[in-house]
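Below is one structure, written out as structure tokens, with a few remarks after it.
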Amino acid sequence: MPDDGLPGDWRQWLGDVLAEREAASLTRRARSLDSAQGPRVLRDGRWLHNLCSNDYLGLAADPALRQALADAVVRVGVGAGAAGLVCGHHAEHAALAEELADWLGVEAVLLFGNGYLANLGLLQGLAGKGDAILQDRLNHASLLDGGLASGARHQRYAHRDSDDLARRLHDLPADTRRRLVVSDGVFSMDGDLAPLPALTAVCRAHGALLVLDEAHAFGVLGEQGRGSVSHFGLPAAAVPLRMGTLGKAFGVYGAFVAGPRLLIDALQQLARPAIYTTALPPALAAATREALRRVRADDWRREQLNLRIAQLRAGLLAQGWTLMDSATAIQPVLLGSAERALSLSQDLLERGFLAGAIRPPTVPSGTARLRLTVTATHTAQAVDDLLNALAELAPRYLES
Ligand SMILES: *Cc1c(COP(=O)(O)O)cnc(C)c1O
């Protein structure tokens with residue numbers, strides 16, 4: 001073996017890690033696309049129906065966004081060149097932040113490199129030793145990581161259970177300094193919604209700051225795609241801090257947090273992932289401004305998306321598959337074991353459909369699933385084709 005510099009004990013450990021994953025059908029592999037993101041994608045020389053993107057509104061390859069980005073690159077260049085607080089902050093970033101704040105009806109917005117960094121930054125920035133963070137058990141990995149990294153007392157309450165949350169807040173030690181409650185707005189692996197009216201009431205009663213991760217809600221739910229708060233008819237102030245990614249329904253890349261100026265100003269000082277990192281490319285901010293205009297104006301995209309969700313869900317239920325309590329674009333088909341989920345995903349791939357098998361540790365063991373997502377740019381025919389393929393496979397997976 002040529003000397004690659006790895007010490008022997010490291011080589012042993014790394015090999016064991018990979019072998020264990022492989023033996024448990026848990027190896028993750030990135031496969032390359034040769035086309036733009038969209039309802040059909042080219043992979044390994046085959047065009048496949050794509051049922052695993054988060055490009056809910058079909059903006060990732062939208063002609064107007066492509067043009068906006070191309071024009072902006074010519075005007076402002078490619079990279080930001082520095083962190084925002086040094087000299088990387090551009091007028092395009094400022095305009096985007098202002099327009100996002102206007103859209104959500106909040107005082108201020110702070111941009112981040114991506115949603116993972118935003119969640120890490122806001123939790124690590126706002127909470128520390130002496131504080132308590134309470135999170136829904138099924139929150140996104142970035143929130144769990146941020147909570148653990150913060151050094152605060154960290155607890156996970158039962159999924160969507162505001163009574164369990166209230167009990168835990170009540171039982172916190174008397175010397176707890178501040179309380180922070182975090183939930184996904186739409187849960188990324190189950191597709192169900194946080195019980196927002198109950199969460200806001202519990203947080204108010206216990207003086208806890210509520211933070212909502214709207215990664216799968218912004219652009220999709222509520223008036224003008226304003227997310228869960230609008231969906232439930234609550235005022236913007238009902239949830240003091242909201243996080244959104246620009247990589248899902250916005251079709252671009254990056255993330256932001258939105259709230260009162262006091263909170264956003266403090267985060268700019270405290271959130272290390274907003275300080276010690278290069279600013280987003282300014283051209284990307286310009287393209288995102290065009291994405292925001294589409295998100296606000298294009299109700300037809302949300303209408304198309306909702307039609308496809310209803311069509312998919314009705315078809316799957318009629319065939320007898322086990323679905324979850326989801327009315328969103330995320331429709332998990334429960335299969336139980338990682339092997340079954342992987343096998344269905346492979347059977348679909350042979351028939352020309354790309355759908356992700358979601359396995360532990362991303363979801364609890366025994367709840368491996370096929371995670372189907374539809375977008376505004378899927379046709380009714382494409383969803384019918386998928387349902388026909390699943391109907392053919394159903395006998396193999398549904399008997400027992
Ligand atoms: C995707 C996702 C994130 C991370 O956002 P990125 O911009 O992709 O880093 C955070 N929270 C939730 C719930 C997500 O689904």
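In the structure tokens, chains take letters A, B, ... by order of appearance, with residues numbered from 1 within each chain and ligands from 1 in the order shown.
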
Closest pair table for chain A residues within 7 Å of ligand 1, only C-alpha atoms and all ligand atoms, as CSV:
residue,atom,partner,partner_atom_place_in_ligand_line,distance
A:Asn114,CA,ligand 1,7 (O),4.0
A:Gly115,CA,ligand 1,5 (O),3.3
A:Tyr116,CA,ligand 1,9 (O),4.0
A:Leu117,CA,ligand 1,9 (O),6.7
A:Asn119,CA,ligand 1,10 (C),6.9
A:Asn139,CA,ligand 1,13 (C),6.7
A:His140,CA,ligand 1,13 (C),4.7
A:Ser142,CA,ligand 1,10 (C),6.0
A:Asp184,CA,ligand 1,13 (C),5.5
A:Phe187,CA,ligand 1,13 (C),6.3
A:Ser188,CA,ligand 1,15 (O),5.0
A:Asp213,CA,ligand 1,13 (C),5.8
A:Glu214,CA,ligand 1,13 (C),6.7
A:Ala215,CA,ligand 1,12 (C),4.8
A:His216,CA,ligand 1,15 (O),6.0
A:Thr245,CA,ligand 1,7 (O),4.5
A:Leu246,CA,ligand 1,7 (O),6.2
A:Gly247,CA,ligand 1,7 (O),5.2
A:Tyr253,CA,ligand 1,7 (O),6.5
A:Gly254,CA,ligand 1,7 (O),5.6
A:Ala255,CA,ligand 1,7 (O),5.6

Exercise: Cys52 of chain A partners within 8 Å, only C-alpha atoms, chain neighbours under 5 positions left out, as a list in words =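 Counting only C-alpha atoms, the residues come to Leu354, Ala355, Gly356, Arg371, Leu372, Thr373 and Val374 of chain A.
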
Item to complete: Would you mind listing what lies within 9 Å of segment 295-308 of chain A as an MDAnalysis selection string, with only C-alpha atoms counted and same-chain residues fewer than 4 positions away left out?
Response: chainID A and resid 56:59 103 218:221 223:226 249:250 290:291 312:313 327:329 374:380 383

Given only C-alpha atoms as the counted atoms, nearest of A:Gly45, A:Pro273, A:Gly88, A:Pro7 to Phe112 of chain A: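 The answer is A:Pro273, which sits nearest to Phe112 of chain A.
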
### Message
Based on the backbone DSSP call, show me all residues of segment 172-361 of chain A assigned strand (DSSP E), as a PyMOL selection string.
### Response
chain A and resi 179-184+209-213+241-245+255-259+330-336+353-354+356-358

So, counting only C-alpha atoms, which residue among A:Tyr157, A:Trp321, A:Trp13, A:Phe232 is closest to Ala391 of chain A?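 Of A:Tyr157, A:Trp321, A:Trp13, A:Phe232, the one nearest Ala391 of chain A, counting only C-alpha atoms, is A:Trp321.
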
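The shortest atom-to-atom distance to Trp47 of chain A, with only C-alpha atoms taken into account, belongs to A:Leu349 out of A:Val106, A:Leu349, A:Val202, A:Ile358.
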
ask   = Quick one: DSSP alpha helix (DSSP H) residues in segment 90-297 of chain A, as a PyMOL selection string?
value = chain A and resi 91-104+115-126+141-150+162-170+196-206+228-231+261-270+282-297

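Remark: for Gln268 of chain A, the closest of the candidate residues A:Leu26, A:Leu148, A:Leu110, A:Leu370 is A:Leu110 (distances computed over only C-alpha atoms).
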
- Message: Could you list, as a list in words, every residue within 10 Å of Asp161 of chain A, counting only C-alpha atoms and ignoring same-chain residues fewer than 4 positions away?
- Response: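 Residues near the query, excluding close chain neighbours: Asp136, Arg137, Tyr157, Leu165, Ala166, Ala194, Pro195, Ala198 and Leu199 of chain A.
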
Would you output that residue set with N, CA and C atoms, as an mmCIF file, in the first residue's frame?
data_model
loop_
_atom_site.group_PDB
_atom_site.id
_atom_site.type_symbol
_atom_site.label_atom_id
_atom_site.label_comp_id
_atom_site.auth_asym_id
_atom_site.auth_seq_id
_atom_site.Cartn_x
_atom_site.Cartn_y
_atom_site.Cartn_z
ATOM 1 N N ASP A 136 -38.291 20.289 19.893
ATOM 2 C CA ASP A 136 -39.063 19.133 19.433
ATOM 3 C C ASP A 136 -38.088 18.003 19.101
ATOM 4 N N ARG A 137 -38.469 16.795 19.501
ATOM 5 C CA ARG A 137 -37.616 15.627 19.304
ATOM 6 C C ARG A 137 -37.245 15.405 17.840
ATOM 7 N N TYR A 157 -38.444 17.659 23.720
ATOM 8 C CA TYR A 157 -39.796 17.279 24.137
ATOM 9 C C TYR A 157 -40.450 16.383 23.075
ATOM 10 N N LEU A 165 -44.015 19.947 26.520
ATOM 11 C CA LEU A 165 -43.171 21.150 26.560
ATOM 12 C C LEU A 165 -43.483 21.975 27.809
ATOM 13 N N ALA A 166 -44.773 22.182 28.076
ATOM 14 C CA ALA A 166 -45.178 23.003 29.234
ATOM 15 C C ALA A 166 -44.675 22.369 30.537
ATOM 16 N N ALA A 194 -45.783 22.048 13.021
ATOM 17 C CA ALA A 194 -45.721 22.346 14.450
ATOM 18 C C ALA A 194 -47.074 22.910 14.890
ATOM 19 N N PRO A 195 -47.533 22.560 16.107
ATOM 20 C CA PRO A 195 -48.807 23.084 16.615
ATOM 21 C C PRO A 195 -48.603 24.523 17.106
ATOM 22 N N ALA A 198 -50.601 26.490 19.984
ATOM 23 C CA ALA A 198 -50.320 25.961 21.323
ATOM 24 C C ALA A 198 -48.896 26.306 21.758
ATOM 25 N N LEU A 199 -47.941 26.201 20.845
ATOM 26 C CA LEU A 199 -46.549 26.517 21.195
ATOM 27 C C LEU A 199 -46.404 27.975 21.614
#

| Selection: 12 Å around Leu104 of chain A, only C-alpha atoms, excl. self and same-chain fewer than 2 positions, as an NGL selection string | :A and (97-102 or 106-109 or 214 or 218-219 or 222-230 or 235-237 or 239-244 or 256-260 or 292 or 295-296)

Could you save those same residues with C-alpha atoms as a PDB file, in the first residue's frame?
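File selection_29.pdb, as written:
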ATOM      1  CA  ALA A  97     -32.358  41.708   3.846  1.00  0.00           C
ATOM      2  CA  GLU A  98     -34.659  44.725   3.682  1.00  0.00           C
ATOM      3  CA  GLU A  99     -37.010  43.043   1.201  1.00  0.00           C
ATOM      4  CA  LEU A 100     -37.150  39.825   3.247  1.00  0.00           C
ATOM      5  CA  ALA A 101     -38.023  41.865   6.360  1.00  0.00           C
ATOM      6  CA  ASP A 102     -40.749  43.718   4.439  1.00  0.00           C
ATOM      7  CA  VAL A 106     -40.533  42.114  10.776  1.00  0.00           C
ATOM      8  CA  GLU A 107     -38.046  44.841  11.653  1.00  0.00           C
ATOM      9  CA  ALA A 108     -34.834  43.192  10.554  1.00  0.00           C
ATOM     10  CA  VAL A 109     -33.156  40.248   8.859  1.00  0.00           C
ATOM     11  CA  GLU A 214     -39.239  27.614   8.444  1.00  0.00           C
ATOM     12  CA  PHE A 218     -41.365  29.719   3.691  1.00  0.00           C
ATOM     13  CA  GLY A 219     -42.503  30.086   0.108  1.00  0.00           C
ATOM     14  CA  GLY A 222     -49.403  31.027   4.093  1.00  0.00           C
ATOM     15  CA  GLU A 223     -50.252  34.206   2.253  1.00  0.00           C
ATOM     16  CA  GLN A 224     -47.467  35.168  -0.218  1.00  0.00           C
ATOM     17  CA  GLY A 225     -45.610  32.112   1.115  1.00  0.00           C
ATOM     18  CA  ARG A 226     -44.974  33.811   4.469  1.00  0.00           C
ATOM     19  CA  GLY A 227     -44.898  30.442   6.222  1.00  0.00           C
ATOM     20  CA  SER A 228     -46.410  28.823   9.301  1.00  0.00           C
ATOM     21  CA  VAL A 229     -47.254  32.024  11.177  1.00  0.00           C
ATOM     22  CA  SER A 230     -49.388  33.219   8.281  1.00  0.00           C
ATOM     23  CA  PRO A 235     -49.447  38.007  13.894  1.00  0.00           C
ATOM     24  CA  ALA A 236     -45.748  38.167  12.950  1.00  0.00           C
ATOM     25  CA  ALA A 237     -44.812  38.900  16.575  1.00  0.00           C
ATOM     26  CA  VAL A 239     -42.928  33.987  16.843  1.00  0.00           C
ATOM     27  CA  PRO A 240     -40.118  36.428  17.716  1.00  0.00           C
ATOM     28  CA  LEU A 241     -37.416  34.676  15.665  1.00  0.00           C
ATOM     29  CA  ARG A 242     -37.773  32.750  12.422  1.00  0.00           C
ATOM     30  CA  MET A 243     -35.107  31.038  10.334  1.00  0.00           C
ATOM     31  CA  GLY A 244     -35.487  30.454   6.607  1.00  0.00           C
ATOM     32  CA  PHE A 256     -31.559  34.241   7.022  1.00  0.00           C
ATOM     33  CA  VAL A 257     -33.094  34.907  10.411  1.00  0.00           C
ATOM     34  CA  ALA A 258     -35.918  37.411  10.839  1.00  0.00           C
ATOM     35  CA  GLY A 259     -37.222  39.239  13.902  1.00  0.00           C
ATOM     36  CA  PRO A 260     -37.187  42.410  16.015  1.00  0.00           C
ATOM     37  CA  LEU A 292     -38.436  36.643  -3.485  1.00  0.00           C
ATOM     38  CA  VAL A 295     -42.314  33.768  -4.051  1.00  0.00           C
ATOM     39  CA  ARG A 296     -44.509  36.756  -3.195  1.00  0.00           C
TER      40      ARG A 296
END

Contacts of segment 125-130 of chain A at 6 Å or less, counting only C-alpha atoms, minus same-chain residues fewer than 3 places along, as a ChimeraX atom specification?
-> /A:121-122,150-152,176-177,270-271

What's around Arg46 of chain A at 10 Å? Count only C-alpha atoms, leave out sequence neighbours fewer than 5 positions away in its own chain, and write the answer as number ranges by chain.
A: 33-34, 40-41, 352

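Going from atom CA of Leu209 of chain A to atom CA of Leu180 of chain A covers 4.7 Å.
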
Counting only C-alpha atoms, figure out which residue out of A:Arg11, A:Arg29, A:Arg272, A:Arg168 gets nearest to Ala118 of chain A.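 Among the listed residues, A:Arg272 lies closest to Ala118 of chain A.
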
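Taking atom CA of Thr278 of chain A and atom CA of Gly84 of chain A as the two end points, the separation is 6.6 Å.
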
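Nearest residue to Pro361 of chain A among A:Leu387, A:Ala318, A:Ala338, A:Ala149 is A:Ala338, counting only C-alpha atoms.
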